[in-house]
>>> print(open('upload.txt').read())   # compact mmCIF, C-alpha atoms and all ligand atoms
# COMPACT_ATOMS: atom_id res chain seq x y z
CA MET K 1 -74.25 -77.90 -15.30
CA LYS K 2 -71.92 -79.02 -18.08
CA ILE K 3 -71.76 -76.58 -21.00
CA ALA K 4 -70.38 -77.64 -24.36
CA ARG K 5 -69.56 -75.56 -27.42
CA PHE K 6 -69.95 -77.71 -30.51
CA SER K 7 -70.37 -77.87 -34.25
CA THR K 8 -72.40 -80.15 -36.48
CA GLY K 9 -70.73 -78.69 -39.54
CA GLU K 10 -72.20 -75.22 -39.31
CA ASP K 11 -71.53 -72.30 -36.97
CA PRO K 12 -70.60 -73.17 -33.37
CA ARG K 13 -73.52 -73.63 -30.96
CA TYR K 14 -73.79 -74.20 -27.23
CA GLY K 15 -75.51 -76.98 -25.34
CA ILE K 16 -76.03 -78.41 -21.87
CA LEU K 17 -74.73 -81.95 -21.56
CA ASP K 18 -77.50 -84.27 -20.32
CA ASP K 19 -76.17 -87.85 -20.21
CA ASP K 20 -75.36 -88.65 -23.86
CA GLU K 21 -77.28 -85.73 -25.33
CA LEU K 22 -76.79 -82.01 -25.76
CA VAL K 23 -79.74 -79.76 -24.97
CA VAL K 24 -79.16 -77.00 -27.50
CA LEU K 25 -79.07 -73.42 -26.19
CA SER K 26 -80.29 -70.45 -28.18
CA GLY K 27 -77.05 -68.51 -27.61
CA ASP K 28 -73.82 -68.23 -25.67
CA PRO K 29 -74.93 -68.89 -22.07
CA MET K 30 -72.33 -66.49 -20.70
CA PHE K 31 -74.09 -63.59 -22.38
CA SER K 32 -77.62 -64.74 -23.22
CA GLY K 33 -78.62 -67.17 -20.46
CA PHE K 34 -79.84 -70.72 -20.65
CA ASP K 35 -82.86 -70.53 -22.97
CA THR K 36 -83.08 -73.72 -25.02
CA THR K 37 -84.15 -74.23 -28.61
CA GLY K 38 -85.98 -77.48 -27.80
CA GLU K 39 -83.54 -79.48 -29.92
CA ARG K 40 -81.54 -82.41 -28.45
CA ILE K 41 -78.53 -83.86 -30.26
CA PRO K 42 -76.57 -87.04 -29.39
CA VAL K 43 -73.11 -85.93 -28.24
CA THR K 44 -71.55 -88.64 -30.40
CA GLY K 45 -72.84 -86.80 -33.48
CA VAL K 46 -71.11 -83.49 -32.85
CA ARG K 47 -67.59 -82.13 -32.84
CA LEU K 48 -66.77 -80.56 -29.46
CA LEU K 49 -64.94 -77.23 -29.76
CA ALA K 50 -62.95 -75.25 -27.22
CA PRO K 51 -65.74 -74.43 -24.74
CA VAL K 52 -64.73 -70.78 -24.71
CA ILE K 53 -62.69 -68.52 -26.96
CA PRO K 54 -61.22 -65.92 -24.61
CA ARG K 55 -62.39 -62.45 -25.63
CA SER K 56 -59.22 -60.76 -24.46
CA LYS K 57 -56.74 -63.03 -22.72
CA VAL K 58 -55.57 -66.23 -21.12
CA VAL K 59 -53.73 -65.45 -17.88
CA ALA K 60 -51.55 -68.24 -16.57
CA VAL K 61 -49.85 -68.79 -13.22
CA GLY K 62 -46.33 -70.20 -13.15
CA ARG K 63 -44.72 -72.26 -10.37
CA ASN K 64 -47.94 -72.69 -8.42
CA TYR K 65 -47.07 -76.18 -7.14
CA ARG K 66 -44.03 -76.61 -4.89
CA GLU K 67 -42.75 -79.84 -6.45
CA HIS K 68 -43.08 -78.48 -9.99
CA ALA K 69 -41.12 -75.33 -9.10
CA ALA K 70 -38.43 -77.57 -7.59
CA GLU K 71 -38.20 -79.90 -10.61
CA LEU K 72 -37.13 -76.92 -12.75
CA GLY K 73 -34.75 -75.69 -10.06
CA ASN K 74 -36.94 -72.76 -9.00
CA GLU K 75 -38.22 -71.44 -5.71
CA VAL K 76 -41.91 -70.92 -5.12
CA PRO K 77 -42.59 -67.21 -5.80
CA ALA K 78 -43.69 -64.91 -2.96
CA GLU K 79 -46.60 -63.65 -5.09
CA PRO K 80 -48.38 -65.39 -7.99
CA LEU K 81 -46.11 -65.38 -11.07
CA ILE K 82 -48.38 -64.48 -13.96
CA PHE K 83 -47.97 -64.44 -17.73
CA LEU K 84 -50.25 -64.19 -20.77
CA LYS K 85 -51.02 -66.60 -23.57
CA PRO K 86 -52.66 -65.13 -26.68
CA ASN K 87 -56.22 -66.22 -27.44
CA THR K 88 -54.92 -67.46 -30.80
CA SER K 89 -53.15 -70.29 -28.94
CA VAL K 90 -56.51 -71.84 -27.97
CA ILE K 91 -57.62 -75.11 -29.59
CA GLY K 92 -60.36 -77.57 -28.67
CA PRO K 93 -60.54 -81.24 -27.72
CA GLY K 94 -59.15 -83.48 -30.43
CA ASP K 95 -57.38 -80.65 -32.26
CA ALA K 96 -53.69 -81.24 -32.93
CA ILE K 97 -50.95 -79.56 -30.92
CA VAL K 98 -48.57 -78.52 -33.71
CA LEU K 99 -44.88 -78.58 -32.81
CA PRO K 100 -43.19 -75.38 -34.01
CA LYS K 101 -39.95 -75.78 -35.93
CA GLN K 102 -38.31 -73.14 -33.72
CA SER K 103 -38.32 -75.53 -30.72
CA GLU K 104 -36.64 -78.86 -30.04
CA ARG K 105 -38.42 -79.52 -26.75
CA VAL K 106 -42.13 -79.00 -26.37
CA GLU K 107 -43.74 -80.10 -23.10
CA TYR K 108 -47.24 -80.70 -21.73
CA GLU K 109 -48.55 -79.02 -18.57
CA GLY K 110 -51.93 -80.32 -17.37
CA GLU K 111 -53.85 -77.64 -15.46
CA LEU K 112 -57.18 -76.58 -14.03
CA ALA K 113 -58.64 -73.61 -15.96
CA VAL K 114 -61.01 -71.01 -14.52
CA ILE K 115 -63.51 -69.32 -16.87
CA ILE K 116 -64.36 -65.76 -15.86
CA GLY K 117 -68.06 -64.89 -16.20
CA SER K 118 -68.28 -61.18 -15.41
CA ILE K 119 -66.18 -58.02 -15.55
CA ALA K 120 -63.74 -58.28 -12.67
CA LYS K 121 -61.45 -55.58 -11.30
CA ASN K 122 -60.05 -55.47 -7.77
CA VAL K 123 -62.06 -58.49 -6.69
CA SER K 124 -61.40 -59.61 -3.11
CA ARG K 125 -60.74 -63.25 -2.26
CA ALA K 126 -64.11 -63.36 -0.54
CA ASP K 127 -65.90 -62.26 -3.74
CA ALA K 128 -63.83 -64.33 -6.19
CA ASP K 129 -66.51 -67.01 -6.61
CA SER K 130 -68.98 -64.43 -7.89
CA VAL K 131 -66.90 -63.71 -11.04
CA ILE K 132 -66.32 -67.38 -11.95
CA PHE K 133 -68.51 -68.81 -14.72
CA GLY K 134 -67.08 -72.31 -14.40
CA TYR K 135 -64.08 -74.57 -14.82
CA THR K 136 -62.51 -76.59 -17.59
CA ILE K 137 -59.23 -78.40 -18.31
CA ALA K 138 -56.19 -76.84 -19.98
CA ASN K 139 -52.86 -77.97 -21.34
CA ASP K 140 -50.34 -75.12 -20.97
CA VAL K 141 -48.12 -76.37 -23.79
CA THR K 142 -44.62 -74.90 -23.49
CA ALA K 143 -41.52 -74.77 -25.67
CA ARG K 144 -39.18 -75.44 -22.74
CA ASP K 145 -35.97 -74.66 -24.62
CA LEU K 146 -37.25 -71.27 -25.80
CA GLN K 147 -38.59 -70.48 -22.32
CA LYS K 148 -35.00 -70.74 -21.07
CA THR K 149 -33.22 -69.00 -23.94
CA ASP K 150 -35.71 -66.13 -24.41
CA GLY K 151 -35.59 -65.10 -20.76
CA GLN K 152 -39.30 -64.30 -20.82
CA TRP K 153 -42.12 -66.57 -21.81
CA THR K 154 -44.20 -64.94 -24.53
CA ARG K 155 -42.92 -67.03 -27.43
CA ALA K 156 -42.43 -70.28 -25.48
CA LYS K 157 -46.02 -70.22 -24.20
CA GLY K 158 -47.71 -68.44 -27.09
CA PHE K 159 -47.46 -70.52 -30.27
CA ASP K 160 -50.67 -71.35 -32.11
CA THR K 161 -52.22 -74.57 -30.67
CA PHE K 162 -50.37 -74.18 -27.32
CA CYS K 163 -53.56 -73.80 -25.25
CA PRO K 164 -55.89 -76.78 -25.61
CA LEU K 165 -59.10 -76.20 -23.58
CA GLY K 166 -62.07 -78.45 -22.87
CA PRO K 167 -63.92 -80.68 -23.22
CA ILE K 168 -66.73 -78.83 -21.38
CA ILE K 169 -67.27 -76.08 -18.80
CA GLU K 170 -68.64 -77.29 -15.47
CA THR K 171 -70.43 -74.44 -13.69
CA GLU K 172 -70.71 -76.31 -10.37
CA PHE K 173 -67.20 -77.74 -10.01
CA THR K 174 -65.62 -77.97 -6.54
CA VAL K 175 -61.87 -77.35 -6.59
CA ALA K 176 -61.15 -78.58 -3.05
CA GLY K 177 -60.21 -82.24 -3.09
CA GLY K 178 -59.88 -82.27 -6.89
CA THR K 179 -57.08 -83.90 -8.86
CA VAL K 180 -55.44 -83.58 -12.27
CA GLU K 181 -53.61 -86.27 -14.20
CA THR K 182 -51.70 -85.99 -17.46
CA LEU K 183 -51.09 -89.06 -19.61
CA VAL K 184 -48.94 -89.40 -22.72
CA ASN K 185 -49.86 -92.38 -24.90
CA GLY K 186 -51.81 -93.79 -21.96
CA GLU K 187 -48.98 -93.57 -19.43
CA VAL K 188 -49.53 -91.37 -16.37
CA LYS K 189 -46.93 -88.58 -16.23
CA GLN K 190 -48.46 -86.04 -13.84
CA SER K 191 -50.69 -86.63 -10.85
CA GLY K 192 -51.50 -83.56 -8.79
CA ARG K 193 -53.95 -82.36 -6.16
CA PHE K 194 -55.52 -78.91 -6.39
CA ASP K 195 -55.18 -78.60 -2.61
CA ASP K 196 -51.41 -78.38 -3.20
CA MET K 197 -51.62 -75.11 -5.15
CA VAL K 198 -49.37 -72.51 -3.53
CA PHE K 199 -51.93 -69.80 -4.36
CA PRO K 200 -55.53 -71.06 -4.44
CA VAL K 201 -58.04 -69.89 -7.04
CA ASP K 202 -59.56 -67.10 -4.93
CA GLU K 203 -56.15 -65.62 -4.17
CA ILE K 204 -55.16 -65.84 -7.85
CA ILE K 205 -58.29 -63.94 -8.90
CA GLU K 206 -57.68 -61.27 -6.26
CA TYR K 207 -54.09 -60.86 -7.45
CA ILE K 208 -54.75 -60.89 -11.21
CA SER K 209 -57.77 -58.58 -10.98
CA SER K 210 -55.64 -56.06 -9.10
CA VAL K 211 -53.50 -55.90 -12.25
CA PHE K 212 -55.82 -56.47 -15.22
CA THR K 213 -59.54 -56.07 -15.69
CA LEU K 214 -60.80 -59.58 -16.36
CA LEU K 215 -63.56 -59.83 -18.96
CA PRO K 216 -66.26 -62.48 -19.40
CA GLY K 217 -64.70 -65.36 -21.30
CA ASP K 218 -61.18 -64.70 -20.07
CA VAL K 219 -59.44 -67.85 -18.88
CA ILE K 220 -57.02 -68.38 -15.99
CA LEU K 221 -54.65 -71.36 -16.00
CA THR K 222 -53.81 -72.22 -12.40
CA GLY K 223 -50.40 -73.86 -12.79
CA THR K 224 -49.15 -77.39 -13.32
CA PRO K 225 -48.05 -80.03 -10.82
CA SER K 226 -44.72 -81.87 -11.07
CA GLY K 227 -44.02 -84.46 -13.75
CA ILE K 228 -43.73 -82.28 -16.83
CA GLY K 229 -42.04 -83.82 -19.85
CA PRO K 230 -41.73 -83.75 -23.63
CA ILE K 231 -44.25 -84.57 -26.35
CA ILE K 232 -43.27 -85.56 -29.87
CA ASP K 233 -44.90 -86.09 -33.25
CA GLY K 234 -47.47 -88.88 -33.07
CA ASP K 235 -48.06 -88.70 -29.31
CA SER K 236 -51.50 -88.48 -27.77
CA VAL K 237 -51.70 -86.33 -24.62
CA GLU K 238 -54.62 -86.50 -22.20
CA VAL K 239 -55.37 -84.31 -19.20
CA ARG K 240 -57.97 -85.78 -16.83
CA VAL K 241 -59.85 -84.02 -14.05
CA PRO K 242 -62.62 -86.03 -12.36
CA GLY K 243 -65.80 -83.99 -12.75
CA LEU K 244 -64.51 -82.15 -15.83
CA GLY K 245 -63.69 -85.09 -18.09
CA THR K 246 -60.69 -85.73 -20.31
CA LEU K 247 -58.99 -83.27 -22.65
CA ARG K 248 -57.28 -85.32 -25.35
CA ASN K 249 -55.09 -83.88 -28.13
CA PRO K 250 -52.83 -85.51 -30.71
CA VAL K 251 -49.36 -84.06 -31.33
CA ARG K 252 -48.17 -83.31 -34.87
CA ALA K 253 -44.92 -82.04 -36.32
ZN ZN M 301 -48.37 -73.81 -16.80
>>> encode(input="upload.txt", output="structure tokens")
Amino acid sequence: MKIARFSTGEDPRYGILDDDELVVLSGDPMFSGFDTTGERIPVTGVRLLAPVIPRSKVVAVGRNYREHAAELGNEVPAEPLIFLKPNTSVIGPGDAIVLPKQSERVEYEGELAVIIGSIAKNVSRADADSVIFGYTIANDVTARDLQKTDGQWTRAKGFDTFCPLGPIIETEFTVAGGTVETLVNGEVKQSGRFDDMVFPVDEIIEYISSVFTLLPGDVILTGTPSGIGPIIDGDSVEVRVPGLGTLRNPVRA
């Protein structure tokens, strides 16, 4: 099932994507199920929003693909390397990534995002699937210069607009065999396979939930493959995952 969060000019609503139409839901399906209002709206007539606004946190995994760790001169970590992005960094499909004046090098990172659906603490790998609501696409936008000079990543990863999510949540997505591509102005820059993750999704959930309690609506970014690079004012950046669609965002100074 493909779940969209959308606006037709009023408050955000949720819908199930059915071909070119949205079957409108009576509430947030994560909390109030899949009851429908009976209304159907053409998807071309709505503005898609970030499919989830994380209640508490976005947890991201760094250096989770061998070739990406190597391109920045790093080893693959022995355990998942995790960091937080504030929920205020989240934007939706089509929203502009705004380049902060504090940075001279902002980069894209196309990633698979996991949406948590239930309270999760000390979840084993074997049970990880049971706490997943679905999957979407993320761009873990990063001020690469500040990441180096700050020594830790809060500012470099945390600016407003630095976490595009969308376009929809797929509740039945299969990670194995999946791929992610990032394009800037139509040119392919990253092309990765989820099977190449150093730590797969179930292991990431086991690790993170041993540290934090994950809440419904929390989002996990699973790391980016090699091929990262800069984005500048006027660019259009797209992250594509077959089965999840295309997350497209313009870049503005
Ligand atoms: Zn990342």
>>> closest_residue(input="upload.txt", among="K:Val43, K:Val23, K:Ala120, K:Ile228", to="K:Met1", atoms="only C-alpha atoms")
K:Val23
>>> residues_near_ligand(input="upload.txt", ligand="ligand ZN 301 (chain M)", cutoff="7 Å", atoms="only C-alpha atoms and all ligand atoms", output="compact mmCIF listing (two decimals) with C-alpha atoms, in the coordinates of the input")
# COMPACT_ATOMS: atom_id res chain seq x y z
CA ALA K 60 -51.55 -68.24 -16.57
CA VAL K 61 -49.85 -68.79 -13.22
CA GLY K 62 -46.33 -70.20 -13.15
CA GLU K 109 -48.55 -79.02 -18.57
CA GLU K 111 -53.85 -77.64 -15.46
CA ASP K 140 -50.34 -75.12 -20.97
CA LEU K 221 -54.65 -71.36 -16.00
CA GLY K 223 -50.40 -73.86 -12.79
CA THR K 224 -49.15 -77.39 -13.32
>>> residues_around(input="upload.txt", residues="K:Lys189", least_positions_apart="2", cutoff="9 Å", atoms="all atoms listed in the file", output="compact mmCIF listing (two decimals) with C-alpha atoms, in the frame of the given file")
# COMPACT_ATOMS: atom_id res chain seq x y z
CA GLU K 181 -53.61 -86.27 -14.20
CA THR K 182 -51.70 -85.99 -17.46
CA LEU K 183 -51.09 -89.06 -19.61
CA VAL K 184 -48.94 -89.40 -22.72
CA GLU K 187 -48.98 -93.57 -19.43
CA SER K 191 -50.69 -86.63 -10.85
CA SER K 226 -44.72 -81.87 -11.07
CA GLY K 227 -44.02 -84.46 -13.75
CA ILE K 228 -43.73 -82.28 -16.83
CA GLY K 229 -42.04 -83.82 -19.85
>>> atom_distance(input="upload.txt", atom1="atom CA of K:Ile16", atom2="atom CA of K:Ile204")
28.1 Å
>>> axis_aligned_box(input="upload.txt", around="stretch 125-132 of chain K", padding_each_side="4 Å", output="lines of an AutoDock Vina configuration file")
center_x = -64.9
center_y = -64.8
center_z = -6.2
size_x = 16.2
size_y = 13.1
size_z = 19.4
>>> atom_distance(input="upload.txt", atom1="atom CA of K:Ala128", atom2="atom CA of K:Val175")
13.2 Å
>>> residues_near_point(input="upload.txt", point="(-53.4, -87.1, -23.6)", cutoff="8 Å", atoms="only C-alpha atoms", output="ChimeraX atom specification")
/K:182-186,235-239,247-250
>>> atom_distance(input="upload.txt", atom1="atom CA of K:Arg144", atom2="atom CA of K:Lys101")
13.2 Å
>>> closest_residue(input="upload.txt", among="K:Ser89, K:Thr171, K:Thr246, K:Thr161", to="K:Asp129", atoms="all atoms listed in the file")
K:Thr171
>>> closest_atom_pairs(input="upload.txt", of="stretch 140-202 of chain K", to="stretch 51-54 of chain K", cutoff="10 Å", atoms="all atoms listed in the file", output="JSON lines")
{"residue": "K:Leu165", "atom": "CA", "partner": "K:Pro51", "partner_atom": "CA", "distance": 7.0}
{"residue": "K:Gly166", "atom": "CA", "partner": "K:Pro51", "partner_atom": "CA", "distance": 5.8}
{"residue": "K:Pro167", "atom": "CA", "partner": "K:Pro51", "partner_atom": "CA", "distance": 6.7}
{"residue": "K:Ile168", "atom": "CA", "partner": "K:Pro51", "partner_atom": "CA", "distance": 5.6}
{"residue": "K:Ile169", "atom": "CA", "partner": "K:Pro51", "partner_atom": "CA", "distance": 6.4}
>>> residues_around(input="upload.txt", residues="K:Val211", least_positions_apart="4", cutoff="9 Å", atoms="all atoms listed in the file", output="list in words")
Lys121, Asn122 and Tyr207 of chain K
>>> closest_residue(input="upload.txt", among="K:Ser118, K:Thr149, K:Ser210, K:Thr44", to="K:Leu17", atoms="all atoms listed in the file")
K:Thr44
>>> residues_around(input="upload.txt", residues="K:Thr37", least_positions_apart="3", cutoff="7 Å", atoms="only C-alpha atoms", output="short mmCIF file (atom, residue, chain, number, x, y, z; two decimals) with C-alpha atoms, in the frame of the given file")
data_model
loop_
_atom_site.label_atom_id
_atom_site.label_comp_id
_atom_site.auth_asym_id
_atom_site.auth_seq_id
_atom_site.Cartn_x
_atom_site.Cartn_y
_atom_site.Cartn_z
CA VAL K 24 -79.16 -77.00 -27.50
CA LEU K 25 -79.07 -73.42 -26.19
CA SER K 26 -80.29 -70.45 -28.18
#
>>> residues_around(input="upload.txt", residues="K:Ala253", least_positions_apart="6", cutoff="10 Å", atoms="only C-alpha atoms", output="list in words")
Ala96, Ile97, Val98, Leu99, Pro100, Lys101, Ile232, Asp233 and Gly234 of chain K
>>> residues_near_point(input="upload.txt", point="(-54.6, -73.7, -15.9)", cutoff="12 Å", atoms="all atoms listed in the file", output="PDB file with C-alpha atoms, in the frame of the given file")
ATOM      1  CA  VAL K  58     -55.570 -66.230 -21.120  1.00  0.00           C
ATOM      2  CA  VAL K  59     -53.730 -65.450 -17.880  1.00  0.00           C
ATOM      3  CA  ALA K  60     -51.550 -68.240 -16.570  1.00  0.00           C
ATOM      4  CA  VAL K  61     -49.850 -68.790 -13.220  1.00  0.00           C
ATOM      5  CA  GLY K  62     -46.330 -70.200 -13.150  1.00  0.00           C
ATOM      6  CA  ARG K  63     -44.720 -72.260 -10.370  1.00  0.00           C
ATOM      7  CA  ASN K  64     -47.940 -72.690  -8.420  1.00  0.00           C
ATOM      8  CA  TYR K  65     -47.070 -76.180  -7.140  1.00  0.00           C
ATOM      9  CA  ILE K  82     -48.380 -64.480 -13.960  1.00  0.00           C
ATOM     10  CA  PHE K  83     -47.970 -64.440 -17.730  1.00  0.00           C
ATOM     11  CA  LEU K  84     -50.250 -64.190 -20.770  1.00  0.00           C
ATOM     12  CA  LYS K  85     -51.020 -66.600 -23.570  1.00  0.00           C
ATOM     13  CA  TYR K 108     -47.240 -80.700 -21.730  1.00  0.00           C
ATOM     14  CA  GLU K 109     -48.550 -79.020 -18.570  1.00  0.00           C
ATOM     15  CA  GLY K 110     -51.930 -80.320 -17.370  1.00  0.00           C
ATOM     16  CA  GLU K 111     -53.850 -77.640 -15.460  1.00  0.00           C
ATOM     17  CA  LEU K 112     -57.180 -76.580 -14.030  1.00  0.00           C
ATOM     18  CA  ALA K 113     -58.640 -73.610 -15.960  1.00  0.00           C
ATOM     19  CA  VAL K 114     -61.010 -71.010 -14.520  1.00  0.00           C
ATOM     20  CA  ILE K 115     -63.510 -69.320 -16.870  1.00  0.00           C
ATOM     21  CA  TYR K 135     -64.080 -74.570 -14.820  1.00  0.00           C
ATOM     22  CA  THR K 136     -62.510 -76.590 -17.590  1.00  0.00           C
ATOM     23  CA  ILE K 137     -59.230 -78.400 -18.310  1.00  0.00           C
ATOM     24  CA  ALA K 138     -56.190 -76.840 -19.980  1.00  0.00           C
ATOM     25  CA  ASN K 139     -52.860 -77.970 -21.340  1.00  0.00           C
ATOM     26  CA  ASP K 140     -50.340 -75.120 -20.970  1.00  0.00           C
ATOM     27  CA  VAL K 141     -48.120 -76.370 -23.790  1.00  0.00           C
ATOM     28  CA  CYS K 163     -53.560 -73.800 -25.250  1.00  0.00           C
ATOM     29  CA  PRO K 164     -55.890 -76.780 -25.610  1.00  0.00           C
ATOM     30  CA  LEU K 165     -59.100 -76.200 -23.580  1.00  0.00           C
ATOM     31  CA  GLY K 166     -62.070 -78.450 -22.870  1.00  0.00           C
ATOM     32  CA  VAL K 180     -55.440 -83.580 -12.270  1.00  0.00           C
ATOM     33  CA  PHE K 194     -55.520 -78.910  -6.390  1.00  0.00           C
ATOM     34  CA  MET K 197     -51.620 -75.110  -5.150  1.00  0.00           C
ATOM     35  CA  PRO K 200     -55.530 -71.060  -4.440  1.00  0.00           C
ATOM     36  CA  VAL K 201     -58.040 -69.890  -7.040  1.00  0.00           C
ATOM     37  CA  ILE K 204     -55.160 -65.840  -7.850  1.00  0.00           C
ATOM     38  CA  ASP K 218     -61.180 -64.700 -20.070  1.00  0.00           C
ATOM     39  CA  VAL K 219     -59.440 -67.850 -18.880  1.00  0.00           C
ATOM     40  CA  ILE K 220     -57.020 -68.380 -15.990  1.00  0.00           C
ATOM     41  CA  LEU K 221     -54.650 -71.360 -16.000  1.00  0.00           C
ATOM     42  CA  THR K 222     -53.810 -72.220 -12.400  1.00  0.00           C
ATOM     43  CA  GLY K 223     -50.400 -73.860 -12.790  1.00  0.00           C
ATOM     44  CA  THR K 224     -49.150 -77.390 -13.320  1.00  0.00           C
ATOM     45  CA  PRO K 225     -48.050 -80.030 -10.820  1.00  0.00           C
ATOM     46  CA  VAL K 239     -55.370 -84.310 -19.200  1.00  0.00           C
ATOM     47  CA  VAL K 241     -59.850 -84.020 -14.050  1.00  0.00           C
TER      48      VAL K 241
END
